[in-house]
Amino acid sequence: GEVPVQIVMGTENPNAMPVVDRIALDKAIAQLPPGYRTVFTLHDIEGHEHEEIARMLGCSVGTSKSQLHKARMRLRSLLSGGGTAANPS
């Protein structure tokens with residue numbers, strides 16, 4: 001059958017979405033604690049599922065999900081100027 005179109009809040013008009021500078025994003029990722037950075041890279045950049053990440057890192061699926069959530073929150077804070085690795089907000 002047909003797959004319904006799902007629009008995530010804030011993405012109705014992609015042209016109105018903030019553009020994140022690639023250099024700023026790379027710097028922010030580099031400031032993440034190692035565990036956050038590893039899970040973020042494996043999941044959001046390389047496309048692995050949490051089950052795969054858990055097996056690769058020898059942790060639980062819940063830990064993988066938690067680390068990813070914390071990584072995204074920290075990146076959001078870093079990219080909005082809300083904190084640094086030395087002074088997390």
# chains A, B, ... in the order shown; residues from 1 in each chain; ligands from 1
call {"tool": "residues_around", "arguments": {"residues": "Glu52 (chain A)", "least_positions_apart": "3", "cutoff": "12 Å", "atoms": "only C-alpha atoms", "output": "PDB file with all heavy atoms, in the first residue's frame"}}
result
ATOM      1  N   VAL A  39      28.191   6.988  19.632  1.00  0.00           N
ATOM      2  CA  VAL A  39      26.830   6.564  19.316  1.00  0.00           C
ATOM      3  C   VAL A  39      26.206   7.489  18.285  1.00  0.00           C
ATOM      4  O   VAL A  39      25.551   7.031  17.343  1.00  0.00           O
ATOM      5  CB  VAL A  39      25.961   6.462  20.592  1.00  0.00           C
ATOM      6  CG1 VAL A  39      24.514   6.177  20.237  1.00  0.00           C
ATOM      7  CG2 VAL A  39      26.498   5.373  21.506  1.00  0.00           C
ATOM      8  N   LEU A  42      27.736   6.583  14.882  1.00  0.00           N
ATOM      9  CA  LEU A  42      27.260   5.294  14.387  1.00  0.00           C
ATOM     10  C   LEU A  42      25.795   5.346  13.953  1.00  0.00           C
ATOM     11  O   LEU A  42      25.425   4.782  12.930  1.00  0.00           O
ATOM     12  CB  LEU A  42      27.444   4.210  15.459  1.00  0.00           C
ATOM     13  CG  LEU A  42      28.890   3.798  15.733  1.00  0.00           C
ATOM     14  CD1 LEU A  42      28.952   2.887  16.958  1.00  0.00           C
ATOM     15  CD2 LEU A  42      29.496   3.102  14.519  1.00  0.00           C
ATOM     16  N   HIS A  43      24.955   6.046  14.720  1.00  0.00           N
ATOM     17  CA  HIS A  43      23.522   6.073  14.425  1.00  0.00           C
ATOM     18  C   HIS A  43      23.161   7.120  13.373  1.00  0.00           C
ATOM     19  O   HIS A  43      22.606   6.805  12.319  1.00  0.00           O
ATOM     20  CB  HIS A  43      22.720   6.312  15.707  1.00  0.00           C
ATOM     21  CG  HIS A  43      21.253   6.166  15.520  1.00  0.00           C
ATOM     22  ND1 HIS A  43      20.459   7.184  15.049  1.00  0.00           N
ATOM     23  CD2 HIS A  43      20.428   5.109  15.726  1.00  0.00           C
ATOM     24  CE1 HIS A  43      19.212   6.768  14.988  1.00  0.00           C
ATOM     25  NE2 HIS A  43      19.164   5.509  15.384  1.00  0.00           N
ATOM     26  N   GLU A  46      26.386   7.174  10.269  1.00  0.00           N
ATOM     27  CA  GLU A  46      26.618   5.925   9.535  1.00  0.00           C
ATOM     28  C   GLU A  46      25.344   5.110   9.321  1.00  0.00           C
ATOM     29  O   GLU A  46      25.335   4.193   8.511  1.00  0.00           O
ATOM     30  CB  GLU A  46      27.681   5.092  10.240  1.00  0.00           C
ATOM     31  CG  GLU A  46      29.045   5.786  10.245  1.00  0.00           C
ATOM     32  CD  GLU A  46      30.125   4.975  10.924  1.00  0.00           C
ATOM     33  OE1 GLU A  46      29.905   3.769  11.214  1.00  0.00           O
ATOM     34  OE2 GLU A  46      31.204   5.544  11.161  1.00  0.00           O
ATOM     35  N   GLY A  47      24.291   5.410  10.067  1.00  0.00           N
ATOM     36  CA  GLY A  47      23.002   4.756   9.831  1.00  0.00           C
ATOM     37  C   GLY A  47      22.767   3.425  10.513  1.00  0.00           C
ATOM     38  O   GLY A  47      21.851   2.694  10.128  1.00  0.00           O
ATOM     39  N   HIS A  48      23.546   3.090  11.527  1.00  0.00           N
ATOM     40  CA  HIS A  48      23.345   1.825  12.237  1.00  0.00           C
ATOM     41  C   HIS A  48      22.117   1.901  13.148  1.00  0.00           C
ATOM     42  O   HIS A  48      21.774   2.974  13.651  1.00  0.00           O
ATOM     43  CB  HIS A  48      24.573   1.485  13.086  1.00  0.00           C
ATOM     44  CG  HIS A  48      25.799   1.208  12.283  1.00  0.00           C
ATOM     45  ND1 HIS A  48      26.016   0.010  11.636  1.00  0.00           N
ATOM     46  CD2 HIS A  48      26.872   1.978  12.000  1.00  0.00           C
ATOM     47  CE1 HIS A  48      27.169   0.058  10.997  1.00  0.00           C
ATOM     48  NE2 HIS A  48      27.717   1.253  11.206  1.00  0.00           N
ATOM     49  N   GLU A  49      21.495   0.764  13.380  1.00  0.00           N
ATOM     50  CA  GLU A  49      20.366   0.672  14.308  1.00  0.00           C
ATOM     51  C   GLU A  49      20.911   0.522  15.730  1.00  0.00           C
ATOM     52  O   GLU A  49      22.050   0.095  15.934  1.00  0.00           O
ATOM     53  CB  GLU A  49      19.495  -0.548  13.970  1.00  0.00           C
ATOM     54  CG  GLU A  49      18.863  -0.497  12.602  1.00  0.00           C
ATOM     55  CD  GLU A  49      17.824   0.606  12.472  1.00  0.00           C
ATOM     56  OE1 GLU A  49      17.159   0.912  13.482  1.00  0.00           O
ATOM     57  OE2 GLU A  49      17.691   1.154  11.368  1.00  0.00           O
ATOM     58  N   ARG A  55      25.481  -4.085  20.174  1.00  0.00           N
ATOM     59  CA  ARG A  55      26.371  -5.233  19.968  1.00  0.00           C
ATOM     60  C   ARG A  55      27.803  -4.776  19.737  1.00  0.00           C
ATOM     61  O   ARG A  55      28.743  -5.333  20.304  1.00  0.00           O
ATOM     62  CB  ARG A  55      25.912  -6.065  18.759  1.00  0.00           C
ATOM     63  CG  ARG A  55      24.993  -7.202  19.092  1.00  0.00           C
ATOM     64  CD  ARG A  55      24.868  -8.199  17.956  1.00  0.00           C
ATOM     65  NE  ARG A  55      24.620  -7.583  16.651  1.00  0.00           N
ATOM     66  CZ  ARG A  55      23.417  -7.227  16.190  1.00  0.00           C
ATOM     67  NH1 ARG A  55      22.352  -7.399  16.949  1.00  0.00           N
ATOM     68  NH2 ARG A  55      23.292  -6.686  14.999  1.00  0.00           N
ATOM     69  N   MET A  56      27.983  -3.757  18.909  1.00  0.00           N
ATOM     70  CA  MET A  56      29.322  -3.270  18.575  1.00  0.00           C
ATOM     71  C   MET A  56      30.057  -2.729  19.800  1.00  0.00           C
ATOM     72  O   MET A  56      31.260  -2.934  19.948  1.00  0.00           O
ATOM     73  CB  MET A  56      29.233  -2.166  17.508  1.00  0.00           C
ATOM     74  CG  MET A  56      28.773  -2.678  16.160  1.00  0.00           C
ATOM     75  SD  MET A  56      28.201  -1.380  15.047  1.00  0.00           S
ATOM     76  CE  MET A  56      29.675  -0.464  14.743  1.00  0.00           C
ATOM     77  N   LEU A  57      29.308  -2.030  20.661  1.00  0.00           N
ATOM     78  CA  LEU A  57      29.940  -1.365  21.810  1.00  0.00           C
ATOM     79  C   LEU A  57      29.864  -2.181  23.094  1.00  0.00           C
ATOM     80  O   LEU A  57      30.429  -1.784  24.107  1.00  0.00           O
ATOM     81  CB  LEU A  57      29.293   0.006  22.034  1.00  0.00           C
ATOM     82  CG  LEU A  57      29.387   0.990  20.862  1.00  0.00           C
ATOM     83  CD1 LEU A  57      28.718   2.310  21.230  1.00  0.00           C
ATOM     84  CD2 LEU A  57      30.835   1.214  20.446  1.00  0.00           C
ATOM     85  N   GLY A  58      29.118  -3.279  23.059  1.00  0.00           N
ATOM     86  CA  GLY A  58      28.982  -4.103  24.259  1.00  0.00           C
ATOM     87  C   GLY A  58      28.154  -3.423  25.334  1.00  0.00           C
ATOM     88  O   GLY A  58      28.463  -3.522  26.518  1.00  0.00           O
ATOM     89  N   CYS A  59      27.103  -2.712  24.909  1.00  0.00           N
ATOM     90  CA  CYS A  59      26.227  -2.044  25.876  1.00  0.00           C
ATOM     91  C   CYS A  59      24.787  -2.436  25.574  1.00  0.00           C
ATOM     92  O   CYS A  59      24.519  -3.155  24.614  1.00  0.00           O
ATOM     93  CB  CYS A  59      26.405  -0.526  25.814  1.00  0.00           C
ATOM     94  SG  CYS A  59      25.870   0.234  24.256  1.00  0.00           S
ATOM     95  N   SER A  60      23.854  -1.963  26.366  1.00  0.00           N
ATOM     96  CA  SER A  60      22.443  -2.270  26.133  1.00  0.00           C
ATOM     97  C   SER A  60      21.872  -1.326  25.077  1.00  0.00           C
ATOM     98  O   SER A  60      22.424  -0.250  24.809  1.00  0.00           O
ATOM     99  CB  SER A  60      21.651  -2.128  27.431  1.00  0.00           C
ATOM    100  OG  SER A  60      21.551  -0.759  27.793  1.00  0.00           O
ATOM    101  N   VAL A  61      20.754  -1.739  24.485  1.00  0.00           N
ATOM    102  CA  VAL A  61      20.053  -0.899  23.528  1.00  0.00           C
ATOM    103  C   VAL A  61      19.627   0.396  24.215  1.00  0.00           C
ATOM    104  O   VAL A  61      19.723   1.483  23.643  1.00  0.00           O
ATOM    105  CB  VAL A  61      18.837  -1.649  22.931  1.00  0.00           C
ATOM    106  CG1 VAL A  61      17.970  -0.717  22.101  1.00  0.00           C
ATOM    107  CG2 VAL A  61      19.306  -2.829  22.093  1.00  0.00           C
ATOM    108  N   SER A  64      22.444   2.818  24.356  1.00  0.00           N
ATOM    109  CA  SER A  64      22.662   3.431  23.040  1.00  0.00           C
ATOM    110  C   SER A  64      21.661   4.550  22.805  1.00  0.00           C
ATOM    111  O   SER A  64      22.030   5.650  22.389  1.00  0.00           O
ATOM    112  CB  SER A  64      22.537   2.367  21.945  1.00  0.00           C
ATOM    113  OG  SER A  64      22.620   2.946  20.663  1.00  0.00           O
ATOM    114  N   LYS A  65      20.390   4.293  23.094  1.00  0.00           N
ATOM    115  CA  LYS A  65      19.347   5.311  22.892  1.00  0.00           C
ATOM    116  C   LYS A  65      19.572   6.516  23.788  1.00  0.00           C
ATOM    117  O   LYS A  65      19.415   7.662  23.361  1.00  0.00           O
ATOM    118  CB  LYS A  65      17.964   4.704  23.146  1.00  0.00           C
ATOM    119  CG  LYS A  65      17.550   3.710  22.084  1.00  0.00           C
ATOM    120  CD  LYS A  65      16.183   3.134  22.387  1.00  0.00           C
ATOM    121  CE  LYS A  65      15.746   2.159  21.305  1.00  0.00           C
ATOM    122  NZ  LYS A  65      14.413   1.617  21.571  1.00  0.00           N
TER     123      LYS A  65
END
call {"tool": "select_by_dssp", "arguments": {"residues": "region 20-88 of chain A", "states": "alpha helix (DSSP H)", "output": "MDAnalysis selection string"}}
result
chainID A and resid 22:30 34:40 50:57 61:79
call {"tool": "closest_residue", "arguments": {"among": "A:Gly62, A:Asp44, A:Leu32, A:Thr38", "to": "Ser77 (chain A)", "atoms": "only C-alpha atoms"}}
result
A:Leu32
call {"tool": "residues_around", "arguments": {"residues": "Gly35 (chain A)", "least_positions_apart": "5", "cutoff": "12 Å", "atoms": "only C-alpha atoms", "output": "number ranges by chain"}}
result
A: 29-30, 40-42, 53-54, 57, 59, 63-71
